[in-house]
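Here is work-v4.txt, consisting of compact mmCIF, C-alpha atoms:
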# COMPACT_ATOMS: atom_id res chain seq x y z
CA MET W 26 -11.22 48.39 -48.89
CA LYS W 27 -10.05 50.48 -45.94
CA PHE W 28 -8.27 53.68 -46.84
CA GLN W 29 -5.21 54.55 -44.77
CA THR W 30 -3.96 57.60 -46.62
CA PHE W 31 -2.15 59.23 -43.71
CA ASP W 32 -1.26 56.09 -41.77
CA SER W 33 2.51 56.79 -41.64
CA LEU W 34 1.99 60.26 -40.18
CA LYS W 35 1.13 58.67 -36.84
CA PHE W 36 4.89 58.21 -36.40
CA GLN W 37 6.40 61.43 -35.06
CA ASN W 38 9.76 60.88 -36.72
CA PHE W 39 8.11 60.45 -40.10
CA ARG W 40 6.12 63.64 -39.54
CA LEU W 41 9.37 65.52 -38.94
CA LEU W 42 10.96 64.00 -42.04
CA TRP W 43 7.85 64.77 -44.08
CA PHE W 44 7.88 68.41 -43.01
CA GLY W 45 11.59 68.72 -43.72
CA ASN W 46 11.24 67.18 -47.17
CA LEU W 47 8.32 69.50 -47.93
CA CYS W 48 10.55 72.46 -47.08
CA VAL W 49 13.52 71.36 -49.17
CA ASN W 50 11.32 70.43 -52.15
CA ALA W 51 9.68 73.85 -51.99
CA ALA W 52 13.16 75.38 -52.07
CA ASP W 53 14.05 73.22 -55.10
CA TRP W 54 11.01 74.17 -57.16
CA LEU W 55 11.24 77.82 -56.20
CA GLN W 56 14.87 77.96 -57.28
CA ILE W 57 14.29 76.07 -60.55
CA LEU W 58 11.53 78.47 -61.55
CA THR W 59 13.26 81.66 -60.42
CA VAL W 60 16.72 80.94 -61.80
CA GLY W 61 15.27 79.98 -65.19
CA TRP W 62 13.45 83.28 -65.61
CA LEU W 63 16.29 85.28 -64.04
CA ILE W 64 18.92 84.01 -66.46
CA LEU W 65 16.58 84.62 -69.40
CA GLU W 66 16.14 88.19 -68.14
CA ILE W 67 19.82 89.05 -67.72
CA THR W 68 20.94 87.35 -70.98
CA ASP W 69 18.14 88.83 -73.10
CA GLY W 70 16.61 85.43 -73.84
CA ASP W 71 19.76 83.42 -74.64
CA THR W 72 18.54 79.77 -74.67
CA VAL W 73 22.03 78.22 -74.73
CA ILE W 74 23.22 80.07 -71.60
CA THR W 75 19.88 79.43 -69.91
CA GLY W 76 20.12 75.72 -70.70
CA ALA W 77 23.73 75.62 -69.47
CA VAL W 78 22.90 77.28 -66.14
CA LEU W 79 19.94 75.00 -65.50
CA ALA W 80 21.89 71.93 -66.60
CA LEU W 81 24.68 72.73 -64.15
CA ARG W 82 22.28 72.17 -61.26
CA THR W 83 22.10 68.44 -62.04
CA LEU W 84 25.64 67.91 -63.34
CA PRO W 85 27.33 67.32 -59.92
CA VAL W 86 25.43 64.04 -59.62
CA PHE W 87 28.00 62.49 -61.98
CA LEU W 88 30.88 63.27 -59.64
CA ILE W 89 29.24 63.23 -56.23
CA GLY W 90 26.03 61.19 -56.41
CA PRO W 91 27.35 57.63 -55.92
CA TRP W 92 29.82 58.72 -53.22
CA ALA W 93 26.97 60.45 -51.38
CA GLY W 94 25.41 57.02 -50.98
CA VAL W 95 28.60 55.74 -49.35
CA LEU W 96 28.44 58.67 -46.91
CA ALA W 97 24.77 57.91 -46.22
CA ASP W 98 25.68 54.37 -45.16
CA LYS W 99 28.83 55.29 -43.21
CA PHE W 100 27.62 58.35 -41.27
CA ASP W 101 24.54 59.66 -39.54
CA ARG W 102 22.14 60.73 -42.29
CA ARG W 103 20.56 63.47 -40.20
CA SER W 104 23.91 65.16 -39.61
CA LEU W 105 24.67 65.22 -43.34
CA ILE W 106 21.39 67.02 -43.98
CA LYS W 107 21.88 69.53 -41.15
CA ILE W 108 25.33 70.54 -42.36
CA THR W 109 24.49 70.90 -46.06
CA GLN W 110 21.18 72.70 -45.60
CA THR W 111 22.53 75.23 -43.13
CA MET W 112 25.20 76.11 -45.67
CA MET W 113 22.56 76.41 -48.40
CA ALA W 114 20.49 78.80 -46.26
CA VAL W 115 23.50 81.11 -45.91
CA LEU W 116 24.18 80.90 -49.66
CA ALA W 117 20.54 81.66 -50.57
CA VAL W 118 20.49 84.78 -48.38
CA SER W 119 23.78 85.96 -49.90
CA PHE W 120 22.41 85.50 -53.42
CA ALA W 121 19.16 87.25 -52.50
CA ILE W 122 21.17 90.27 -51.36
CA LEU W 123 23.10 90.24 -54.65
CA VAL W 124 19.83 90.27 -56.60
CA SER W 125 18.41 92.97 -54.30
CA VAL W 126 21.19 95.45 -55.09
CA SER W 127 20.77 94.97 -58.86
CA ASP W 128 18.26 96.95 -60.91
CA PHE W 129 15.87 95.35 -63.40
CA THR W 130 14.39 97.74 -65.95
CA SER W 131 12.84 97.50 -69.38
CA SER W 132 16.18 98.47 -70.91
CA GLY W 133 18.13 95.72 -69.14
CA VAL W 134 19.85 94.80 -65.87
CA SER W 135 22.34 97.00 -64.09
CA GLY W 136 24.32 96.36 -60.93
CA PRO W 137 26.67 93.65 -59.69
CA LEU W 138 24.62 90.62 -60.81
CA GLN W 139 26.26 88.75 -63.70
CA PRO W 140 25.48 85.42 -65.44
CA TRP W 141 28.49 83.76 -63.80
CA HIS W 142 26.92 84.37 -60.38
CA LEU W 143 24.05 82.09 -61.37
CA PHE W 144 26.47 79.41 -62.59
CA VAL W 145 28.18 79.44 -59.18
CA TYR W 146 24.89 79.48 -57.27
CA VAL W 147 23.23 76.58 -59.09
CA GLY W 148 26.53 74.66 -59.17
CA ILE W 149 26.80 74.72 -55.38
CA THR W 150 23.10 73.89 -55.11
CA GLY W 151 23.67 70.92 -57.40
CA ILE W 152 26.40 69.63 -55.09
CA SER W 153 24.08 69.96 -52.08
CA VAL W 154 21.20 68.21 -53.85
CA SER W 155 23.52 65.39 -54.99
CA ILE W 156 24.51 64.74 -51.39
CA ILE W 157 21.18 64.92 -49.59
CA ARG W 158 18.72 63.45 -52.12
CA PRO W 159 19.76 59.80 -51.56
CA VAL W 160 20.11 60.55 -47.86
CA ARG W 161 16.55 61.89 -47.60
CA GLN W 162 15.12 58.96 -49.55
CA SER W 163 17.02 56.44 -47.42
CA LEU W 164 15.69 58.00 -44.22
CA VAL W 165 12.09 57.04 -45.04
CA ALA W 166 12.80 53.39 -44.21
CA ASN W 167 14.53 54.48 -40.98
CA VAL W 168 11.50 56.20 -39.45
CA VAL W 169 8.64 53.75 -40.19
CA PRO W 170 8.27 49.96 -39.85
CA LEU W 171 8.41 47.82 -43.00
CA GLU W 172 4.63 47.33 -43.18
CA SER W 173 4.15 51.12 -43.46
CA LEU W 174 6.88 51.64 -46.08
CA ARG W 175 4.68 51.85 -49.21
CA ASN W 176 2.38 54.35 -47.56
CA ALA W 177 5.34 56.37 -46.26
CA THR W 178 7.02 56.39 -49.68
CA ALA W 179 3.84 57.67 -51.33
CA LEU W 180 3.37 60.34 -48.66
CA ASN W 181 7.02 61.31 -49.03
CA ALA W 182 6.45 61.75 -52.78
CA LEU W 183 3.56 64.01 -51.80
CA THR W 184 6.07 66.50 -50.40
CA ARG W 185 7.57 67.01 -53.85
CA THR W 186 4.27 67.10 -55.70
CA THR W 187 2.70 69.45 -53.14
CA ALA W 188 5.71 71.74 -53.33
CA ARG W 189 5.47 71.68 -57.13
CA LEU W 190 1.79 72.56 -56.83
CA VAL W 191 2.30 75.59 -54.57
CA ALA W 192 5.87 76.91 -54.80
CA PRO W 193 6.16 77.61 -58.57
CA ALA W 194 2.76 79.28 -58.78
CA ALA W 195 3.55 81.48 -55.78
CA GLY W 196 7.07 82.12 -57.07
CA GLY W 197 5.87 83.09 -60.54
CA MET W 198 3.36 85.51 -59.04
CA LEU W 199 6.02 87.03 -56.75
CA ILE W 200 8.33 87.59 -59.74
CA TYR W 201 5.47 89.31 -61.55
CA LEU W 202 4.50 91.51 -58.59
CA VAL W 203 7.72 92.32 -56.71
CA GLY W 204 10.63 90.89 -58.69
CA PHE W 205 13.08 88.05 -58.14
CA LYS W 206 14.72 88.69 -54.76
CA TRP W 207 12.02 87.51 -52.35
CA ASN W 208 11.99 84.02 -53.85
CA PHE W 209 15.59 83.51 -52.71
CA TYR W 210 14.86 84.72 -49.18
CA ILE W 211 11.96 82.25 -49.00
CA GLU W 212 14.27 79.55 -50.34
CA ALA W 213 16.66 80.20 -47.43
CA LEU W 214 13.81 79.82 -44.91
CA CYS W 215 12.92 76.48 -46.48
CA TYR W 216 16.47 75.19 -45.99
CA LEU W 217 16.28 76.18 -42.34
CA GLY W 218 12.99 74.26 -42.09
CA ILE W 219 14.54 70.88 -42.88
CA THR W 220 17.53 71.65 -40.66
CA LEU W 221 15.24 72.26 -37.68
CA SER W 222 13.27 69.07 -38.36
CA MET W 223 16.48 67.02 -38.32
CA LEU W 224 17.36 68.36 -34.84
CA ARG W 225 14.37 66.55 -33.31
CA MET W 226 14.06 63.50 -35.57
CA GLN W 227 15.21 60.02 -34.50
CA THR W 228 15.83 56.91 -36.64
CA PRO W 229 14.45 53.90 -34.73
CA TYR W 230 14.35 51.57 -37.77
CA GLY W 231 17.90 51.80 -39.05
CA ASN W 232 20.92 53.96 -39.94
CA LYS W 233 23.27 52.91 -37.16
CA PRO W 234 26.53 53.78 -38.92
CA THR W 235 29.46 51.43 -38.49
CA GLN W 236 32.94 52.71 -39.20
CA LYS W 237 34.22 49.63 -41.04
CA LYS W 238 37.77 49.81 -42.34
CA VAL W 239 36.75 49.38 -45.94
CA SER W 240 37.70 51.74 -48.76
CA VAL W 241 34.98 53.90 -50.28
CA PHE W 242 35.64 52.20 -53.62
CA LYS W 243 34.86 48.78 -52.16
CA ASP W 244 31.79 50.21 -50.46
CA LEU W 245 30.54 51.61 -53.74
CA TYR W 246 31.34 48.40 -55.60
CA SER W 247 29.32 46.36 -53.11
CA GLY W 248 26.26 48.48 -53.96
CA ILE W 249 26.79 48.02 -57.70
CA GLU W 250 27.31 44.27 -57.20
CA TYR W 251 24.06 43.99 -55.25
CA ILE W 252 22.12 45.69 -58.06
CA SER W 253 23.71 43.53 -60.75
CA LYS W 254 22.52 40.37 -58.99
CA ASN W 255 18.88 41.53 -58.83
CA ARG W 256 17.47 41.76 -62.35
CA ALA W 257 14.19 43.50 -61.45
CA LEU W 258 16.07 46.08 -59.38
CA ALA W 259 18.56 46.67 -62.19
CA GLN W 260 15.75 47.14 -64.72
CA ALA W 261 13.90 49.56 -62.42
CA ILE W 262 17.05 51.65 -62.05
CA THR W 263 17.96 51.67 -65.76
CA ILE W 264 14.45 52.58 -66.94
CA SER W 265 14.54 55.62 -64.63
CA PHE W 266 17.18 57.13 -66.93
CA VAL W 267 14.55 57.58 -69.66
CA PRO W 268 12.05 59.87 -67.86
CA THR W 269 14.99 61.72 -66.34
CA CYS W 270 16.14 62.62 -69.84
CA ILE W 271 12.71 63.81 -71.04
CA PHE W 272 10.39 64.62 -68.09
CA GLN W 273 12.92 66.41 -65.89
CA PRO W 274 14.49 68.61 -68.62
CA LEU W 275 11.03 69.90 -69.46
CA VAL W 276 10.77 71.34 -65.95
CA PHE W 277 14.14 73.09 -66.27
CA ILE W 278 13.61 74.48 -69.77
CA LEU W 279 10.02 75.48 -68.97
CA PRO W 280 10.73 79.23 -69.38
CA ILE W 281 11.98 78.53 -72.92
CA TYR W 282 8.92 76.39 -73.75
CA VAL W 283 6.44 78.87 -72.28
CA SER W 284 7.96 81.92 -73.98
CA SER W 285 8.66 80.26 -77.35
CA VAL W 286 5.70 77.91 -77.87
CA LEU W 287 2.94 79.47 -75.76
CA ASN W 288 4.14 83.10 -75.99
CA GLU W 289 3.47 83.59 -72.28
CA GLY W 290 5.43 84.64 -69.17
CA PRO W 291 6.36 83.53 -65.63
CA ALA W 292 2.79 83.43 -64.31
CA VAL W 293 1.78 80.80 -66.89
CA GLY W 294 5.04 78.93 -66.30
CA GLY W 295 4.34 78.76 -62.58
CA THR W 296 0.76 77.65 -63.26
CA LEU W 297 1.94 74.81 -65.50
CA LEU W 298 4.27 73.53 -62.78
CA ALA W 299 1.42 73.85 -60.29
CA ILE W 300 -0.89 71.79 -62.52
CA MET W 301 1.83 69.20 -62.91
CA GLY W 302 2.03 69.21 -59.12
CA LEU W 303 -1.75 68.74 -58.91
CA GLY W 304 -1.45 65.56 -60.97
CA GLY W 305 1.34 64.40 -58.70
CA VAL W 306 -0.55 65.25 -55.50
CA SER W 307 -3.69 63.38 -56.55
CA THR W 308 -1.61 60.36 -57.57
CA SER W 309 0.36 60.43 -54.31
CA PHE W 310 -2.90 60.49 -52.34
CA TYR W 311 -4.19 57.52 -54.31
CA LEU W 312 -1.01 55.49 -53.85
CA ALA W 313 -0.89 56.33 -50.14
CA SER W 314 -4.47 55.07 -49.76
CA LYS W 315 -4.38 52.00 -51.99
CA ASP W 316 -1.83 49.84 -53.76
CA PHE W 317 -0.82 50.33 -57.40
CA PRO W 318 -3.73 49.64 -59.78
CA LEU W 319 -1.47 47.30 -61.79
CA LYS W 320 1.70 45.44 -60.95
CA LYS W 321 4.32 47.89 -59.67
CA GLY W 322 6.81 47.24 -62.48
CA LEU W 323 4.19 47.35 -65.21
CA THR W 324 2.87 50.64 -63.81
CA ILE W 325 6.34 52.18 -64.10
CA ILE W 326 6.70 51.15 -67.75
CA LEU W 327 3.20 52.24 -68.82
CA ALA W 328 3.54 55.58 -67.01
CA LEU W 329 6.70 56.27 -69.02
CA ILE W 330 4.96 55.55 -72.32
CA VAL W 331 1.87 57.64 -71.51
CA GLY W 332 4.04 60.54 -70.30
CA CYS W 333 5.96 60.56 -73.59
CA ILE W 334 2.68 60.65 -75.52
CA ALA W 335 1.62 63.66 -73.42
CA ILE W 336 4.83 65.55 -74.25
CA SER W 337 4.39 64.75 -77.94
CA ALA W 338 0.85 66.13 -77.84
CA MET W 339 1.77 69.41 -76.16
CA SER W 340 4.77 69.89 -78.46
CA LEU W 341 2.41 69.97 -81.45
CA SER W 342 0.09 72.65 -80.03
CA ASN W 343 0.45 76.25 -78.87
CA LEU W 344 -2.87 76.19 -77.01
CA ILE W 345 -2.54 76.81 -73.28
CA ILE W 346 -5.42 74.44 -72.47
CA VAL W 347 -3.58 71.58 -74.20
CA ALA W 348 -0.44 72.35 -72.21
CA TYR W 349 -2.46 72.39 -68.98
CA ILE W 350 -3.97 68.95 -69.66
CA MET W 351 -0.67 67.41 -70.74
CA PHE W 352 1.17 68.75 -67.71
CA LEU W 353 -1.53 67.24 -65.48
CA ILE W 354 -0.98 63.85 -67.17
CA LEU W 355 2.79 64.28 -66.81
CA GLY W 356 2.43 64.84 -63.08
CA ILE W 357 0.41 61.62 -62.75
CA CYS W 358 2.90 59.61 -64.80
CA GLN W 359 6.02 60.97 -63.13
CA THR W 360 4.65 60.25 -59.65
CA ASN W 361 3.75 56.68 -60.57
CA ILE W 362 7.29 56.12 -61.85
CA ARG W 363 9.06 57.67 -58.87
CA VAL W 364 6.86 56.15 -56.16
CA GLY W 365 6.96 52.76 -57.86
CA ALA W 366 10.74 52.71 -58.23
CA ASN W 367 11.40 54.15 -54.76
CA THR W 368 9.07 51.68 -53.07
CA LEU W 369 10.66 48.79 -54.92
CA ILE W 370 14.16 49.87 -53.87
CA GLN W 371 13.31 50.57 -50.23
CA GLU W 372 11.47 47.24 -49.86
CA ILE W 373 14.20 45.12 -51.41
CA VAL W 374 17.47 46.69 -50.27
CA PRO W 375 18.91 46.07 -46.76
CA ASP W 376 19.58 49.19 -44.69
CA ASP W 377 23.37 48.85 -44.71
CA LEU W 378 23.28 49.13 -48.53
CA ARG W 379 20.29 51.46 -48.80
CA GLY W 380 22.24 54.71 -49.22
CA ARG W 381 24.53 53.31 -51.92
CA VAL W 382 21.76 51.70 -53.96
CA THR W 383 19.58 54.80 -53.64
CA SER W 384 22.45 57.03 -54.78
CA ILE W 385 23.08 54.79 -57.81
CA TYR W 386 19.36 55.00 -58.57
CA ASN W 387 19.62 58.80 -58.37
CA PHE W 388 22.69 58.81 -60.64
CA ASP W 389 20.32 59.22 -63.58
CA ASN W 390 19.66 62.80 -62.45
CA GLY W 391 23.07 63.75 -63.80
CA PHE W 392 21.86 62.95 -67.31
CA THR W 393 19.27 65.69 -66.95
CA ALA W 394 22.14 68.14 -67.44
CA ILE W 395 23.15 66.50 -70.72
CA ALA W 396 19.54 66.39 -71.91
CA ILE W 397 19.05 70.09 -71.11
CA LEU W 398 22.22 71.03 -72.97
CA VAL W 399 21.21 68.92 -75.98
CA LEU W 400 17.77 70.53 -76.04
CA GLY W 401 19.31 74.00 -75.68
CA ILE W 402 21.48 73.33 -78.73
CA LEU W 403 18.60 71.81 -80.69
CA PHE W 404 16.52 74.92 -80.04
CA ASN W 405 19.05 76.90 -82.10
CA TYR W 406 18.45 74.69 -85.18
CA ILE W 407 14.81 73.60 -84.95
CA ASN W 408 11.89 75.08 -83.06
CA VAL W 409 11.15 74.08 -79.47
CA GLY W 410 8.04 72.07 -80.33
CA GLN W 411 9.84 69.93 -82.92
CA ALA W 412 12.74 69.21 -80.57
CA LEU W 413 10.43 68.06 -77.78
CA PHE W 414 8.44 65.90 -80.21
CA TYR W 415 11.51 64.05 -81.48
CA VAL W 416 12.94 63.47 -78.00
CA ALA W 417 9.57 62.29 -76.63
CA GLY W 418 9.20 59.90 -79.59
CA LEU W 419 12.60 58.35 -78.90
CA ALA W 420 11.87 58.00 -75.17
CA GLY W 421 8.47 56.44 -75.88
CA ALA W 422 10.06 53.88 -78.20
CA ILE W 423 12.48 52.88 -75.43
CA GLY W 424 9.49 52.50 -73.11
CA PHE W 425 7.87 50.06 -75.54
CA LEU W 426 11.09 48.02 -75.62
CA TYR W 427 10.98 47.71 -71.83
CA LEU W 428 7.34 46.66 -72.08
CA LEU W 429 8.31 43.86 -74.45
CA LEU W 430 11.67 42.76 -73.03
CA ALA W 431 11.93 43.69 -69.32
CA LYS W 432 10.02 40.67 -68.00
CA SER W 433 11.48 40.76 -64.47
CA LEU W 434 10.42 44.38 -63.94
CA ARG W 435 7.08 43.96 -65.72
CA ASN W 436 6.00 41.12 -63.44
CA ILE W 437 7.12 42.48 -60.07
CA LYS W 438 4.16 43.18 -57.78
Please rewrite the model in this file as structure tokens.
Amino acid sequence: MKFQTFDSLKFQNFRLLWFGNLCVNAADWLQILTVGWLILEITDGDTVITGAVLALRTLPVFLIGPWAGVLADKFDRRSLIKITQTMMAVLAVSFAILVSVSDFTSSGVSGPLQPWHLFVYVGITGISVSIIRPVRQSLVANVVPLESLRNATALNALTRTTARLVAPAAGGMLIYLVGFKWNFYIEALCYLGITLSMLRMQTPYGNKPTQKKVSVFKDLYSGIEYISKNRALAQAITISFVPTCIFQPLVFILPIYVSSVLNEGPAVGGTLLAIMGLGGVSTSFYLASKDFPLKKGLTIILALIVGCIAISAMSLSNLIIVAYIMFLILGICQTNIRVGANTLIQEIVPDDLRGRVTSIYNFDNGFTAIAILVLGILFNYINVGQALFYVAGLAGAIGFLYLLLAKSLRNIK
């Protein structure tokens, strides 16, 4: 079979989108890692406050996510990205300066930096992410022809897995060597990267906004109605809530897991994210080169079950090597789920509904906030390993129910 791993990169507009998404994903992972360790540092290891700050980053999806899809269908998607990411670059530089003028010593933190600054920073970031995530995903189908969509979706996923492979490891090392501030300056540069790519990118395969005189509520309802009439699509979207409530929170509460279960610091935390990224990168390369090894829907369900087993295994051990292996498996599983679901959505949904359906699909990210808060509270009553084991067991059981009952999703190719 002929391998066409980088086939979509022959399109200049996709290359620009790919570079921009690589930049913004690097900014995401760098911030997730840095903010987690920073809030632990300034609160003397308070897991509840740390969980609350990290949860706030995903919470705006509940209020903004679905409406962002309406914007993505009504307006030029490139312009939405340029506006939001320029604002984020300014915010990241401002926060970097705030961290720079604060002193971090063995006896504590002195200076202007306070926990509420991190709440504000990640809250605004959450709003930005809620707006541009469905926009960025919708743009993939606007820059390549339909026959290249699966390859482009897999390569687009590669931007997140590659960023997860490099950014956290580099960020963790920078924290260890020179402190927190430089990570936020680099984050600002990444936001400028996607802004510059949008200046040159064109959308020859869609996103020609029409200013129809229809209320935003009717626009949103039409997206929900479309999903409700397609059973396989509805099942793909609902199953995505499960890994969002167990895989994603693990990334955000990683500093708590690393310090409590493994008794290690930021360098190991960054390495674990990098290994997870390695699993994602290798899987993205495979999916860009060949089709899914099993039916697309079945792959999504089985990846969820295997990922939950991996979390259960690492929750029962404090050995770093076990954590490394399980995070590698998690990266493979998570990429199969996301690429599978994204490809399914982009192939099925017409472009005039693409933003709304994609934003509803991304609505599950808001539940990450709830899951993080629940875990943060659980950590005060039972140890971190036990909490992760129970949650992974519940998620795995739900995965088995989908395997048995979700016939439409299971059989989709």
Considering only C-alpha atoms, give me a table of residues in range 284-386 of chain W that are at most 6 Å from range 409-425 of chain W, with the closest atom pair and distance in Å for each, as CSV.
residue,atom,partner,partner_atom,distance
W:Ile330,CA,W:Gly421,CA,5.1
W:Cys333,CA,W:Ala417,CA,5.0
W:Ser337,CA,W:Phe414,CA,4.8
W:Ser340,CA,W:Gly410,CA,4.4
Contacts of range 132-148 of chain W at 7 Å (all atoms listed in the file; same-chain gap of 5+ positions) as a ChimeraX atom specification: /W:64,67,78,81-82,123-124,126-127
Those residues you just picked out, can you put them in a file as a short mmCIF file (atom, residue, chain, number, x, y, z; two decimals), in the frame of the given file with C-alpha atoms?
data_model
loop_
_atom_site.label_atom_id
_atom_site.label_comp_id
_atom_site.auth_asym_id
_atom_site.auth_seq_id
_atom_site.Cartn_x
_atom_site.Cartn_y
_atom_site.Cartn_z
CA ILE W 64 18.92 84.01 -66.46
CA ILE W 67 19.82 89.05 -67.72
CA VAL W 78 22.90 77.28 -66.14
CA LEU W 81 24.68 72.73 -64.15
CA ARG W 82 22.28 72.17 -61.26
CA LEU W 123 23.10 90.24 -54.65
CA VAL W 124 19.83 90.27 -56.60
CA VAL W 126 21.19 95.45 -55.09
CA SER W 127 20.77 94.97 -58.86
#
Would you mind listing what lies within 9 Å of Phe277 in chain W as a short mmCIF file (atom, residue, chain, number, x, y, z; two decimals) with C-alpha atoms, keeping the file's coordinate frame, with only C-alpha atoms counted and same-chain residues fewer than 4 positions away left out?
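Saved to around-v2.cif:
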data_model
loop_
_atom_site.label_atom_id
_atom_site.label_comp_id
_atom_site.auth_asym_id
_atom_site.auth_seq_id
_atom_site.Cartn_x
_atom_site.Cartn_y
_atom_site.Cartn_z
CA ILE W 57 14.29 76.07 -60.55
CA LEU W 58 11.53 78.47 -61.55
CA GLY W 61 15.27 79.98 -65.19
CA GLY W 76 20.12 75.72 -70.70
CA LEU W 79 19.94 75.00 -65.50
CA ALA W 80 21.89 71.93 -66.60
CA GLN W 273 12.92 66.41 -65.89
CA ILE W 281 11.98 78.53 -72.92
CA ILE W 397 19.05 70.09 -71.11
#
Quick one: contact table of range 352-407 of chain W to range 179-184 of chain W, 8 Å max, nearest atom pair and distance in Å to one decimal per residue, counting all atoms listed in the file, chain and number order, as a Markdown table?
| residue | atom | partner | partner_atom | distance |
| --- | --- | --- | --- | --- |
| W:Thr360 | CA | W:Ala182 | CA | 7.3 |
| W:Arg363 | CA | W:Ala182 | CA | 7.8 |
| W:Val364 | CA | W:Ala179 | CA | 5.9 |
May I have the residues within 7 Å of range 240-250 of chain W as number ranges by chain, using all atoms listed in the file and disregarding those fewer than 6 positions away in the same chain? W: 95, 378, 381-382
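Here CA of Phe100 in chain W is placed at a distance of 22.9 Å from CA of Cys48 in chain W.
You can rank W:Thr30, W:Leu214, W:Cys270, W:Ser163 by their closest distance to Met113 in chain W using only C-alpha atoms, and at the top of that list sits W:Leu214.
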Of the listed residues W:Ile200, W:Ile152, W:Leu323, W:Val160, that which approaches Gly290 in chain W most closely, counting only C-alpha atoms: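 Smallest separation from Gly290 in chain W among the options: W:Ile200.
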With distances taken over all atoms listed in the file, the candidate from W:Arg103, W:Ile149, W:Leu174, W:Ile370 nearest Leu34 in chain W is W:Leu174
Residues within 12 Å of Leu319 in chain W, all atoms listed in the file, excluding chain neighbours under 3 positions, as a list in words: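 Using all atoms listed in the file, the neighbours found are Leu312, Lys315, Asp316, Gly322, Leu323, Thr324, Ile325, Ile326, Leu327, Ala328, Asn361, Gly365, Arg435, Asn436, Ile437 and Lys438 of chain W.
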Contacts of Gly45 in chain W within 7 Å, all atoms listed in the file, excl. fewer than 4 positions in-chain, as number ranges by chain: W: 41, 49, 218-219, 222
Calculated over only C-alpha atoms, which of the candidates W:Met223, W:Ile354, W:Leu190, W:Leu116 has the smallest distance to Val168 in chain W? W:Met223
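Counting from CA of Ile211 in chain W, the distance to CA of Trp43 in chain W is 18.6 Å.
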Of W:Ala259, W:Pro159, W:Val267, W:Tyr311, the one nearest to Ala431 in chain W when counting all atoms listed in the file is W:Ala259
Report, in Å to a single decimal, how far apart CA of Val60 in chain W and CA of Leu217 in chain W are. 20.0 Å
With a cut-off of 9 Å, could you pull out the residues of range 220-330 of chain W touching range 341-345 of chain W and give me the nearest pair of atoms for each, distance in Å to one decimal, using all atoms listed in the file, ordered by chain and ascending number, as a Markdown table?
| residue | atom | partner | partner_atom | distance |
| --- | --- | --- | --- | --- |
| W:Val286 | CA | W:Asn343 | CA | 5.6 |
| W:Leu287 | CA | W:Asn343 | CA | 5.1 |
| W:Asn288 | CA | W:Asn343 | CA | 8.3 |
| W:Val293 | CA | W:Ile345 | CA | 8.7 |
From the list W:Ser155, W:Thr220, W:Thr72, W:Gln29, which residue is nearest Leu47 in chain W when using all atoms listed in the file? W:Thr220
